[in-house]
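Student: What follows is target_4.txt, compact mmCIF, C-alpha atoms.
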# COMPACT_ATOMS: atom_id res chain seq x y z
CA MET D 1 185.22 -41.74 119.31
CA LYS D 2 182.01 -42.62 117.45
CA ILE D 3 180.65 -39.49 115.77
CA LEU D 4 177.39 -38.99 113.91
CA HIS D 5 177.08 -35.97 111.62
CA VAL D 6 173.60 -34.94 110.44
CA CYS D 7 172.99 -32.43 107.65
CA THR D 8 170.11 -31.91 105.23
CA SER D 9 172.45 -32.25 102.24
CA ILE D 10 176.06 -33.06 101.48
CA ASP D 11 175.62 -32.38 97.76
CA PRO D 12 178.47 -29.97 96.77
CA GLN D 13 176.07 -27.92 94.66
CA THR D 14 174.18 -26.82 97.78
CA GLY D 15 177.16 -24.73 98.90
CA GLY D 16 179.71 -24.33 101.66
CA PRO D 17 178.25 -26.31 104.60
CA ALA D 18 178.08 -29.49 102.51
CA ASN D 19 181.65 -29.13 101.28
CA VAL D 20 182.96 -28.37 104.75
CA LEU D 21 181.22 -31.40 106.27
CA ALA D 22 182.63 -33.75 103.62
CA ARG D 23 186.18 -32.59 104.27
CA LEU D 24 185.80 -32.60 108.06
CA ALA D 25 184.42 -36.15 108.05
CA ARG D 26 187.27 -37.42 105.90
CA VAL D 27 189.91 -35.87 108.17
CA GLN D 28 188.20 -37.15 111.32
CA SER D 29 188.01 -40.70 110.00
CA GLU D 30 191.45 -40.92 108.40
CA ALA D 31 193.75 -38.57 110.31
CA CYS D 32 192.06 -38.62 113.73
CA GLY D 33 190.98 -42.29 113.76
CA HIS D 34 187.34 -41.68 114.69
CA GLU D 35 184.43 -43.83 113.56
CA VAL D 36 182.45 -41.31 111.52
CA HIS D 37 178.93 -41.63 110.12
CA ILE D 38 176.94 -39.03 108.13
CA ILE D 39 173.18 -39.03 107.63
CA THR D 40 171.53 -36.67 105.12
CA ALA D 41 168.22 -36.27 103.30
CA ASP D 42 169.89 -36.46 99.87
CA ASP D 43 168.87 -38.69 97.00
CA PRO D 44 171.50 -41.48 97.26
CA ALA D 45 172.12 -41.35 93.50
CA ARG D 46 173.07 -37.65 93.65
CA VAL D 47 175.74 -38.08 96.32
CA ARG D 48 177.34 -41.33 95.17
CA ASP D 49 180.50 -39.47 94.11
CA VAL D 50 180.62 -37.63 97.43
CA SER D 51 180.38 -40.93 99.30
CA ALA D 52 183.34 -42.28 97.34
CA GLY D 53 185.48 -39.32 98.46
CA LEU D 54 184.80 -39.55 102.19
CA GLY D 55 187.62 -41.93 102.99
CA ALA D 56 186.69 -44.16 105.92
CA ALA D 57 183.63 -42.07 106.84
CA ARG D 58 180.29 -43.66 105.98
CA LEU D 59 177.38 -41.80 104.36
CA ALA D 60 173.72 -42.82 104.59
CA ALA D 61 171.41 -40.72 102.39
CA GLY D 62 167.72 -41.01 103.33
CA GLY D 63 166.20 -38.99 100.50
CA PRO D 64 165.27 -37.68 98.08
CA ALA D 65 164.02 -34.89 100.34
CA ARG D 66 160.45 -33.70 99.89
CA GLY D 67 158.34 -30.79 101.08
CA PRO D 68 159.20 -27.36 102.53
CA PHE D 69 161.25 -28.91 105.36
CA ALA D 70 163.24 -31.24 103.06
CA LYS D 71 162.04 -34.42 104.72
CA GLY D 72 163.89 -37.54 103.67
CA PRO D 73 161.65 -40.65 103.67
CA ARG D 74 164.27 -42.78 105.46
CA THR D 75 166.13 -40.15 107.48
CA VAL D 76 164.34 -40.83 110.79
CA GLU D 77 164.84 -44.57 110.45
CA MET D 78 168.54 -44.08 109.71
CA ILE D 79 169.08 -41.78 112.70
CA ASP D 80 167.25 -44.21 115.01
CA GLU D 81 169.33 -47.13 113.77
CA ARG D 82 172.64 -45.28 114.18
CA LEU D 83 171.78 -44.14 117.70
CA ARG D 84 170.83 -47.71 118.64
CA THR D 85 174.26 -48.96 117.54
CA GLY D 86 175.82 -46.40 119.88
CA VAL D 87 177.49 -43.04 119.22
CA ASP D 88 179.38 -40.76 121.57
CA LEU D 89 178.20 -37.50 120.05
CA VAL D 90 175.98 -36.02 117.33
CA HIS D 91 177.21 -33.00 115.35
CA ILE D 92 174.29 -31.26 113.60
CA HIS D 93 174.91 -28.90 110.68
CA GLY D 94 172.24 -26.34 109.77
CA LEU D 95 168.77 -25.53 111.01
CA TRP D 96 165.16 -24.99 109.86
CA GLN D 97 164.72 -28.35 108.16
CA HIS D 98 163.58 -31.84 109.10
CA ALA D 99 166.88 -33.71 109.54
CA PRO D 100 168.51 -31.31 112.06
CA HIS D 101 165.37 -31.20 114.20
CA VAL D 102 164.92 -34.97 114.20
CA ALA D 103 168.59 -35.49 115.03
CA ALA D 104 168.32 -33.17 118.04
CA ALA D 105 165.08 -34.72 119.30
CA LYS D 106 166.31 -38.30 118.88
CA ALA D 107 169.65 -37.52 120.52
CA ARG D 108 167.85 -36.10 123.55
CA THR D 109 165.71 -39.21 123.84
CA ALA D 110 168.81 -41.41 123.58
CA ARG D 111 170.70 -39.19 126.07
CA VAL D 112 173.48 -38.57 123.57
CA PRO D 113 175.08 -35.09 123.63
CA TYR D 114 174.70 -33.07 120.45
CA ILE D 115 176.34 -29.96 119.02
CA PHE D 116 174.73 -27.49 116.63
CA ARG D 117 176.72 -25.77 113.89
CA PRO D 118 174.17 -23.15 112.71
CA CYS D 119 176.09 -22.42 109.47
CA GLY D 120 175.06 -18.74 109.57
CA MET D 121 171.36 -19.55 109.69
CA LEU D 122 170.91 -17.57 112.92
CA ASP D 123 172.53 -14.39 111.56
CA PRO D 124 170.08 -11.44 111.51
CA TRP D 125 170.11 -11.36 107.68
CA SER D 126 169.18 -15.03 107.51
CA LEU D 127 166.50 -14.70 110.19
CA ASN D 128 164.86 -11.93 108.14
CA GLN D 129 164.49 -14.18 105.08
CA GLY D 130 161.09 -15.84 105.53
CA ARG D 131 160.91 -14.18 108.93
CA LEU D 132 157.44 -15.35 110.01
CA ARG D 133 158.11 -18.99 109.20
CA LYS D 134 161.43 -18.93 111.04
CA ARG D 135 159.93 -17.23 114.10
CA ALA D 136 157.28 -19.94 114.25
CA PHE D 137 159.92 -22.66 113.84
CA LEU D 138 162.04 -21.20 116.65
CA LEU D 139 159.02 -20.97 118.91
CA LEU D 140 157.77 -24.50 118.26
CA ARG D 141 160.99 -26.44 117.77
CA GLY D 142 164.18 -24.54 117.12
CA ARG D 143 164.81 -22.78 120.40
CA ARG D 144 164.28 -25.99 122.38
CA ASP D 145 166.60 -27.91 120.02
CA LEU D 146 169.29 -25.24 120.33
CA ASN D 147 169.01 -24.64 124.07
CA ARG D 148 169.29 -28.33 124.90
CA ALA D 149 172.42 -28.77 122.80
CA ALA D 150 175.66 -29.51 124.63
CA ALA D 151 177.41 -26.76 122.64
CA LEU D 152 177.06 -24.34 119.72
CA HIS D 153 179.79 -24.44 117.08
CA PHE D 154 180.40 -21.11 115.33
CA THR D 155 183.00 -20.71 112.60
CA THR D 156 183.88 -17.05 113.22
CA GLU D 157 183.81 -14.69 116.16
CA THR D 158 181.52 -12.45 114.10
CA GLU D 159 178.95 -15.23 113.81
CA ARG D 160 179.04 -15.85 117.57
CA ARG D 161 178.55 -12.13 118.24
CA LEU D 162 175.63 -11.86 115.79
CA VAL D 163 173.83 -14.78 117.45
CA GLU D 164 174.46 -13.55 121.01
CA PRO D 165 171.25 -11.43 121.24
CA LEU D 166 169.15 -14.61 120.95
CA GLY D 167 170.32 -15.52 124.45
CA LEU D 168 170.89 -19.20 123.74
CA ALA D 169 172.00 -21.29 126.72
CA PRO D 170 174.75 -23.68 125.49
CA PRO D 171 178.44 -22.78 125.62
CA ALA D 172 179.80 -21.33 122.37
CA HIS D 173 182.91 -22.64 120.63
CA VAL D 174 184.46 -20.63 117.77
CA ILE D 175 186.36 -22.95 115.43
CA ALA D 176 186.97 -22.01 111.81
CA ASN D 177 186.39 -24.14 108.74
CA GLY D 178 189.48 -25.72 107.27
CA LEU D 179 191.28 -26.59 104.05
CA ASP D 180 192.79 -29.88 103.01
CA TRP D 181 196.27 -28.43 102.58
CA GLY D 182 197.35 -31.44 100.53
CA GLU D 183 195.32 -29.89 97.67
CA PHE D 184 197.26 -26.65 97.96
CA GLU D 185 200.83 -27.84 98.51
CA LEU D 186 201.46 -28.04 94.76
CA GLN D 187 200.71 -24.52 93.57
CA PRO D 188 198.78 -24.47 90.25
CA VAL D 189 200.70 -23.12 87.28
CA ARG D 190 199.10 -19.93 85.99
CA GLY D 191 197.47 -19.81 82.59
CA ALA D 192 195.21 -22.86 82.17
CA PHE D 193 191.90 -21.10 82.92
CA ARG D 194 192.90 -18.02 80.94
CA ALA D 195 193.86 -20.11 77.94
CA ALA D 196 190.65 -22.14 78.06
CA HIS D 197 188.52 -18.97 77.95
CA GLY D 198 190.65 -16.78 75.68
CA ILE D 199 191.41 -14.22 78.39
CA GLY D 200 195.11 -13.86 77.68
CA ASP D 201 196.86 -11.39 79.97
CA ARG D 202 193.88 -9.11 80.55
CA PRO D 203 192.97 -8.17 84.16
CA LEU D 204 190.69 -10.85 85.62
CA VAL D 205 188.25 -10.47 88.52
CA MET D 206 186.74 -13.74 89.73
CA PHE D 207 183.67 -14.79 91.69
CA LEU D 208 183.56 -18.48 92.63
CA SER D 209 180.68 -19.62 94.80
CA ARG D 210 177.08 -20.72 94.54
CA VAL D 211 175.35 -18.27 92.19
CA HIS D 212 172.58 -16.95 94.43
CA HIS D 213 170.96 -13.58 95.04
CA LYS D 214 172.51 -13.29 98.52
CA LYS D 215 176.02 -13.32 97.01
CA GLY D 216 175.79 -9.67 95.93
CA LEU D 217 176.10 -10.23 92.18
CA ASP D 218 173.57 -7.43 91.69
CA LEU D 219 176.31 -5.21 93.17
CA LEU D 220 179.27 -6.78 91.41
CA LEU D 221 177.99 -6.44 87.84
CA PRO D 222 177.31 -2.67 87.93
CA ALA D 223 180.48 -2.07 89.96
CA PHE D 224 182.52 -3.95 87.36
CA ALA D 225 180.82 -1.97 84.58
CA ARG D 226 182.24 1.25 86.11
CA LEU D 227 185.88 0.16 85.72
CA ALA D 228 187.92 2.50 83.55
CA ASP D 229 189.86 -0.45 82.13
CA ARG D 230 187.61 -1.81 79.37
CA GLN D 231 189.89 -4.79 78.85
CA ALA D 232 189.18 -6.27 82.29
CA MET D 233 187.26 -9.56 82.44
CA LEU D 234 184.89 -10.93 85.08
CA ALA D 235 184.37 -14.67 85.61
CA ILE D 236 181.28 -15.75 87.57
CA ILE D 237 181.89 -19.39 88.42
CA GLY D 238 179.51 -21.72 90.24
CA PRO D 239 176.19 -23.54 90.08
CA GLY D 240 172.93 -21.65 90.14
CA GLU D 241 169.29 -21.75 89.14
CA PRO D 242 169.00 -21.42 85.35
CA GLU D 243 166.48 -18.57 85.65
CA TYR D 244 168.83 -16.54 87.86
CA LEU D 245 171.82 -17.20 85.61
CA THR D 246 169.79 -16.01 82.62
CA HIS D 247 168.86 -12.86 84.56
CA LEU D 248 172.52 -12.13 85.33
CA GLN D 249 173.56 -12.65 81.71
CA ALA D 250 170.83 -10.26 80.56
CA ARG D 251 171.90 -7.72 83.18
CA ALA D 252 175.50 -7.89 81.94
CA GLN D 253 174.26 -7.17 78.42
CA GLN D 254 172.22 -4.20 79.66
CA LEU D 255 175.31 -2.78 81.36
CA GLY D 256 177.34 -3.10 78.17
CA ILE D 257 179.73 -5.69 79.60
CA GLY D 258 178.20 -8.85 78.16
CA ASP D 259 181.34 -9.58 76.12
CA ARG D 260 183.58 -9.24 79.21
CA VAL D 261 181.62 -11.43 81.66
CA ILE D 262 181.84 -15.22 81.41
CA PHE D 263 179.76 -17.88 83.17
CA PRO D 264 181.73 -21.16 83.11
CA GLY D 265 179.35 -22.99 85.47
CA MET D 266 180.57 -25.12 88.35
CA ILE D 267 184.28 -25.98 88.40
CA ALA D 268 185.42 -28.54 90.97
CA GLY D 269 188.62 -30.25 92.03
CA ARG D 270 191.96 -29.07 90.70
CA GLY D 271 190.20 -26.98 88.07
CA ARG D 272 188.80 -24.56 90.65
CA LEU D 273 192.29 -23.96 92.06
CA GLU D 274 193.67 -23.34 88.58
CA ALA D 275 190.88 -20.83 87.99
CA LEU D 276 191.49 -19.03 91.31
CA ARG D 277 195.23 -18.93 90.63
CA ASP D 278 194.63 -17.19 87.29
CA ALA D 279 192.59 -14.37 88.85
CA ASP D 280 194.17 -11.04 89.69
CA LEU D 281 191.49 -10.48 92.32
CA PHE D 282 188.80 -12.65 93.92
CA CYS D 283 185.56 -10.82 94.79
CA LEU D 284 182.72 -11.95 97.06
CA PRO D 285 180.35 -9.03 97.88
CA SER D 286 177.76 -11.15 99.73
CA TYR D 287 174.88 -9.71 101.74
CA GLN D 288 175.47 -12.55 104.21
CA GLU D 289 178.24 -15.14 104.34
CA ASN D 290 178.78 -17.21 107.43
CA PHE D 291 182.40 -18.02 106.63
CA GLY D 292 183.36 -18.03 102.96
CA VAL D 293 185.40 -21.15 102.18
CA SER D 294 186.01 -19.87 98.65
CA VAL D 295 187.68 -16.79 100.16
CA ILE D 296 190.18 -18.98 101.99
CA GLU D 297 190.69 -21.13 98.88
CA ALA D 298 191.53 -18.05 96.81
CA LEU D 299 193.99 -16.88 99.46
CA GLY D 300 195.42 -20.41 99.63
CA VAL D 301 196.60 -20.14 96.01
CA GLY D 302 197.94 -16.63 96.60
CA THR D 303 195.10 -14.56 95.10
CA PRO D 304 194.10 -11.46 97.11
CA VAL D 305 190.43 -10.88 97.89
CA LEU D 306 187.84 -8.14 97.99
CA ILE D 307 184.86 -9.03 100.17
CA SER D 308 181.88 -7.30 101.72
CA ASP D 309 181.64 -6.42 105.39
CA GLN D 310 178.87 -9.05 105.66
CA VAL D 311 181.27 -11.93 105.00
CA ASN D 312 181.89 -13.06 108.56
CA ILE D 313 185.59 -13.72 108.06
CA GLN D 314 186.14 -10.11 107.02
CA GLY D 315 187.83 -9.15 110.30
CA GLU D 316 190.44 -11.89 109.99
CA VAL D 317 191.11 -11.06 106.32
CA ALA D 318 191.59 -7.36 107.04
CA ALA D 319 193.81 -8.00 110.06
CA ALA D 320 196.05 -10.33 108.04
CA GLY D 321 196.45 -7.74 105.26
CA VAL D 322 195.50 -10.21 102.53
CA GLY D 323 192.43 -8.44 101.19
CA GLU D 324 190.10 -5.47 101.42
CA VAL D 325 186.59 -5.07 102.85
CA VAL D 326 183.77 -2.86 101.54
CA PRO D 327 180.11 -2.23 102.46
CA CYS D 328 177.34 -3.77 100.36
CA ARG D 329 176.90 -0.84 97.98
CA VAL D 330 177.82 -0.39 94.33
CA GLU D 331 179.82 2.85 94.70
CA PRO D 332 182.40 1.73 97.30
CA LEU D 333 182.69 -1.67 95.61
CA ALA D 334 183.42 -0.03 92.25
CA ALA D 335 185.94 2.35 93.78
CA LYS D 336 187.79 -0.44 95.57
CA LEU D 337 187.84 -2.64 92.46
CA GLU D 338 189.35 0.26 90.50
CA ALA D 339 191.96 1.02 93.15
CA MET D 340 193.05 -2.58 93.72
CA LEU D 341 193.39 -3.47 90.04
CA ALA D 342 195.39 -0.30 89.45
CA ASP D 343 197.93 -1.12 92.18
CA ARG D 344 199.58 -4.29 90.92
CA SER D 345 202.42 -4.17 93.44
CA ARG D 346 199.92 -4.08 96.32
CA LEU D 347 198.03 -7.05 94.86
CA ALA D 348 201.30 -8.98 94.60
CA GLU D 349 202.19 -8.12 98.21
CA MET D 350 198.82 -9.27 99.55
CA GLY D 351 199.01 -12.46 97.51
CA ALA D 352 202.48 -13.25 98.85
CA HIS D 353 201.25 -12.95 102.45
CA ALA D 354 198.03 -14.85 101.81
CA ARG D 355 199.31 -18.34 101.17
CA PRO D 356 201.48 -18.76 104.31
CA TRP D 357 198.73 -17.18 106.45
CA VAL D 358 196.18 -19.73 105.22
CA GLU D 359 198.61 -22.60 105.77
CA ARG D 360 199.25 -21.52 109.37
CA THR D 361 195.63 -20.84 110.21
CA PHE D 362 193.24 -23.07 108.27
CA ARG D 363 194.82 -26.48 107.72
CA TRP D 364 192.31 -29.21 108.51
CA ASP D 365 194.76 -31.04 110.74
CA VAL D 366 194.94 -27.91 112.94
CA ILE D 367 191.18 -27.34 112.83
CA ALA D 368 190.34 -31.02 113.49
CA GLY D 369 192.43 -30.90 116.66
CA LYS D 370 190.37 -27.97 117.94
CA ILE D 371 187.14 -29.78 117.11
CA ASP D 372 188.41 -32.86 118.96
CA ALA D 373 189.00 -30.67 122.01
CA MET D 374 185.42 -29.38 121.77
CA TYR D 375 184.12 -32.95 121.50
CA ALA D 376 186.14 -34.03 124.53
CA ALA D 377 184.77 -31.15 126.60
CA VAL D 378 181.20 -32.01 125.57
CA VAL D 379 181.54 -35.72 126.33
CA ARG D 380 183.14 -35.00 129.74
CA ALA D 381 180.30 -32.63 130.60
Before anything else, please render the file you have as structure tokens.
Tutor:
Amino acid sequence: MKILHVCTSIDPQTGGPANVLARLARVQSEACGHEVHIITADDPARVRDVSAGLGAARLAAGGPARGPFAKGPRTVEMIDERLRTGVDLVHIHGLWQHAPHVAAAKARTARVPYIFRPCGMLDPWSLNQGRLRKRAFLLLRGRRDLNRAAALHFTTETERRLVEPLGLAPPAHVIANGLDWGEFELQPVRGAFRAAHGIGDRPLVMFLSRVHHKKGLDLLLPAFARLADRQAMLAIIGPGEPEYLTHLQARAQQLGIGDRVIFPGMIAGRGRLEALRDADLFCLPSYQENFGVSVIEALGVGTPVLISDQVNIQGEVAAAGVGEVVPCRVEPLAAKLEAMLADRSRLAEMGAHARPWVERTFRWDVIAGKIDAMYAAVVRA
């Protein structure tokens, strides 16, 4: 099958959707034997390393993107050219910006079926951020683009349920994001991250994601400050705007925990797995999280998780018994942090269940098969 993926950015620093697309495209091209093309609005120089890691999939970056809708100067030309060469299906990732809209409009003109993966952008929380602009976009472009899609691809049942009140017409498919299990087969040896940062054997809570206000770090810092154990450390790992990082560092100082909170920046590749393996507990108290790939990565190395009830995979995590779920408030988050770190045997039990659960449920070869079945249904229709 000839597949075209379109996304505004595949730069890993933009967060989960970009990372998921890169891994999906590689599996589709190498393990499934599809001809896979990706078009983005990235600056080609910024995603050269990403392109090298896509296996047989081919990336065309039409940026650098400009303006409020992240318009890439060559994106339209690239989409037109790829559709002229012939594709069976277009898989669009994200919403609100220029590339997804153009991909939908051009696919309709070319009579090529397309699928939208909204990436959480239709969740009520997301719709309320810049509400007036998004309402106008839906009215003028978005609803037509979505309603004329051949299918909507949600990554959790929670996401599908949250979008249901919009009354969109296409059939919904719920297929999770995956992990390249080859990365996880060799379990990292504990100690490398701790040694590099002088943590020793002290309790370690870890956040690993894009450092952004929606991730609930304004909850995590004061909750961590309430821990009775004054030896515990908190690592906040990931890329973020310098101004926001400076704000968080100042906030940690105000709370009296500046010497126990570290900001290592972005850690990629094997290093991120070594970091996650060294944590006693992974914490993601987001106000909105469509899936939470970092949650599954933490569980994949056997580290239990504490997540908010706005992380859409929270139902699956709770049902599997590999983590705990709390509301987005400081008090319950602090209480749960305290209780989980105090019960080491329970942490060990959750961690032992986590790794085999992730292997059974989220391997990309399993997920790619489900996506192939969705593609086949769309093309038949």
Student: With only C-alpha atoms as the atoms that count, which of D:Ala352, D:Trp357, D:Arg344, D:Ala192 lies nearest to D:Ala319?
Tutor: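 Selected residue with least distance to D:Ala319: D:Trp357.
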Student: Do you know which residues are at most 12 Å from D:Asp280 counting all atoms listed in the file, after dropping those on the same chain fewer than 3 positions away, and could you put them as JSON, numbers by chain?
Tutor: {"D": [190, 191, 194, 201, 202, 203, 204, 205, 206, 207, 232, 233, 234, 235, 275, 276, 277, 283, 298, 299, 301, 302, 303, 304, 305, 306, 323, 337, 340, 341, 342, 343, 344, 345, 346, 347, 348, 350, 351]}
Student: Smallest atom-to-atom distance to D:Pro118: which of D:Ala176, D:Ile92, D:Ala52, D:Leu255, using all atoms listed in the file?
Tutor: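 Closest residue, counting all atoms listed in the file: D:Ile92.
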Student: One number please: atom CA of D:Val379 to atom CA of D:Pro171, in Å, one decimal.
Tutor: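 Spanning atom CA of D:Val379 to atom CA of D:Pro171 is a straight-line distance of 13.3 Å.
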Student: Within 7 Å of stretch 148-161 of chain D, counting only C-alpha atoms, which residues show up once you throw out same-chain ones fewer than 5 positions away? Write them as a ChimeraX atom specification, please.
Tutor: /D:113-117,120,123,170-177,290-291,312-313,378
Student: Separation of atom CA of D:Val326 and atom CA of D:Leu284, in Å?
Tutor: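 Computed distance, atom CA of D:Val326 to atom CA of D:Leu284, equals 10.2 Å.
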Student: Between D:Val6, D:Leu24, D:Val189, D:Ala376, which has the minimum distance to D:Val102 (counting all atoms listed in the file)?
Tutor: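 Of all the options, D:Val6 lies closest to D:Val102.
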Student: Report as a PDB file with C-alpha atoms, in the frame of the given file all protein, DNA and RNA residues lying within 10 Å of D:Ala57, evaluated on all atoms listed in the file, omitting residues in the same chain fewer than 5 positions from it.
Tutor:
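What ended up in out11.pdb:
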ATOM      1  CA  ILE D   3     180.650 -39.490 115.770  1.00  0.00           C
ATOM      2  CA  LEU D   4     177.390 -38.990 113.910  1.00  0.00           C
ATOM      3  CA  ALA D  22     182.630 -33.750 103.620  1.00  0.00           C
ATOM      4  CA  LEU D  24     185.800 -32.600 108.060  1.00  0.00           C
ATOM      5  CA  ALA D  25     184.420 -36.150 108.050  1.00  0.00           C
ATOM      6  CA  ARG D  26     187.270 -37.420 105.900  1.00  0.00           C
ATOM      7  CA  VAL D  27     189.910 -35.870 108.170  1.00  0.00           C
ATOM      8  CA  GLN D  28     188.200 -37.150 111.320  1.00  0.00           C
ATOM      9  CA  SER D  29     188.010 -40.700 110.000  1.00  0.00           C
ATOM     10  CA  GLU D  30     191.450 -40.920 108.400  1.00  0.00           C
ATOM     11  CA  HIS D  34     187.340 -41.680 114.690  1.00  0.00           C
ATOM     12  CA  GLU D  35     184.430 -43.830 113.560  1.00  0.00           C
ATOM     13  CA  VAL D  36     182.450 -41.310 111.520  1.00  0.00           C
ATOM     14  CA  HIS D  37     178.930 -41.630 110.120  1.00  0.00           C
ATOM     15  CA  ILE D  38     176.940 -39.030 108.130  1.00  0.00           C
ATOM     16  CA  SER D  51     180.380 -40.930  99.300  1.00  0.00           C
ATOM     17  CA  ALA D  52     183.340 -42.280  97.340  1.00  0.00           C
TER      18      ALA D  52
END
Student: Counting only C-alpha atoms, figure out which residue out of D:Ile79, D:Glu274, D:Leu89, D:Phe193 gets nearest to D:Asp372.
Tutor: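 Among the listed residues, the smallest separation from D:Asp372 belongs to D:Leu89.
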Student: Extract, using all atoms listed in the file, all DNA, RNA and protein residues at most 9 Å from D:Arg329, discarding same-chain residues fewer than 2 positions from it, and format them as a VMD selection string.
Tutor: chain D and resid 219 223 285 308 326 to 327 331 to 334
Student: Residues as selected, C-alpha atoms, written as a compact mmCIF listing (two decimals), in the coordinates of the input, can you do that?
Tutor:
# COMPACT_ATOMS: atom_id res chain seq x y z
CA LEU D 219 176.31 -5.21 93.17
CA ALA D 223 180.48 -2.07 89.96
CA PRO D 285 180.35 -9.03 97.88
CA SER D 308 181.88 -7.30 101.72
CA VAL D 326 183.77 -2.86 101.54
CA PRO D 327 180.11 -2.23 102.46
CA GLU D 331 179.82 2.85 94.70
CA PRO D 332 182.40 1.73 97.30
CA LEU D 333 182.69 -1.67 95.61
CA ALA D 334 183.42 -0.03 92.25
Student: Skipping near chain neighbours, those fewer than 2 positions away, what residues fall within 8 Å of stretch 364-366 of chain D using all atoms listed in the file, listed as a JSON list (two decimals) with C-alpha atoms, in the coordinates of the input?
Tutor:
[["chain", "number", "residue", "atom", "x", "y", "z"],
["D", 24, "LEU", "CA", 185.80, -32.60, 108.06],
["D", 27, "VAL", "CA", 189.91, -35.87, 108.17],
["D", 31, "ALA", "CA", 193.75, -38.57, 110.31],
["D", 177, "ASN", "CA", 186.39, -24.14, 108.74],
["D", 178, "GLY", "CA", 189.48, -25.72, 107.27],
["D", 179, "LEU", "CA", 191.28, -26.59, 104.05],
["D", 180, "ASP", "CA", 192.79, -29.88, 103.01],
["D", 181, "TRP", "CA", 196.27, -28.43, 102.58],
["D", 361, "THR", "CA", 195.63, -20.84, 110.21],
["D", 362, "PHE", "CA", 193.24, -23.07, 108.27],
["D", 368, "ALA", "CA", 190.34, -31.02, 113.49],
["D", 369, "GLY", "CA", 192.43, -30.90, 116.66],
["D", 370, "LYS", "CA", 190.37, -27.97, 117.94]]
Student: Using atom CA of D:Glu316 and atom CA of D:Gln288 as the two end points, give the distance in Å to one decimal.
Tutor: 16.1 Å
Student: Can you work out which one of D:Ala104, D:Ala61, D:Ala41, D:Leu227 has the shortest atom-to-atom distance to D:Ala335, counting all atoms listed in the file?
Tutor: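 Closest candidate: D:Leu227.
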Student: Which residue out of D:Ala381, D:Lys214, D:Asp259, D:Met266 has the minimum interatomic distance to D:Ile237 when only C-alpha atoms are used?
Tutor: D:Met266
Student: Neighbourhood query: residues within 10 Å of (165.8, -26.9, 108.3), file coordinates, counting only C-alpha atoms; return as a ChimeraX atom specification.
Tutor: /D:7-8,68-71,93-101,121,134,137,142
Student: Dig up all the protein and nucleic acid residues within 12 Å of (164.2, -18.7, 119.1) in the file frame, using only C-alpha atoms, and format them as a PyMOL selection string.
Tutor: chain D and resi 95-96+121-122+127+131-147+163-169
Student: Take stretch 80-91 of chain D, bring it up to N, CA and C atoms, and give me the output as a compact mmCIF listing (two decimals), in the frame of the given file.
Tutor:
# COMPACT_ATOMS: atom_id res chain seq x y z
N ASP D 80 167.59 -43.26 113.94
CA ASP D 80 167.25 -44.21 115.01
C ASP D 80 168.22 -45.39 115.03
N GLU D 81 168.46 -45.95 113.86
CA GLU D 81 169.33 -47.13 113.77
C GLU D 81 170.74 -46.80 114.22
N ARG D 82 171.27 -45.64 113.80
CA ARG D 82 172.64 -45.28 114.18
C ARG D 82 172.74 -45.03 115.67
N LEU D 83 171.74 -44.38 116.26
CA LEU D 83 171.78 -44.14 117.70
C LEU D 83 171.68 -45.46 118.48
N ARG D 84 170.92 -46.41 117.97
CA ARG D 84 170.83 -47.71 118.64
C ARG D 84 172.18 -48.43 118.65
N THR D 85 172.96 -48.28 117.60
CA THR D 85 174.26 -48.96 117.54
C THR D 85 175.27 -48.31 118.48
N GLY D 86 174.97 -47.07 118.91
CA GLY D 86 175.82 -46.40 119.88
C GLY D 86 176.75 -45.37 119.25
N VAL D 87 176.57 -44.11 119.62
CA VAL D 87 177.49 -43.04 119.22
C VAL D 87 177.82 -42.22 120.46
N ASP D 88 178.98 -41.59 120.44
CA ASP D 88 179.38 -40.76 121.57
C ASP D 88 178.83 -39.35 121.48
N LEU D 89 178.55 -38.90 120.23
CA LEU D 89 178.20 -37.50 120.05
C LEU D 89 177.56 -37.33 118.68
N VAL D 90 176.60 -36.38 118.60
CA VAL D 90 175.98 -36.02 117.33
C VAL D 90 176.33 -34.57 117.01
N HIS D 91 176.84 -34.35 115.82
CA HIS D 91 177.21 -33.00 115.35
C HIS D 91 176.21 -32.64 114.25
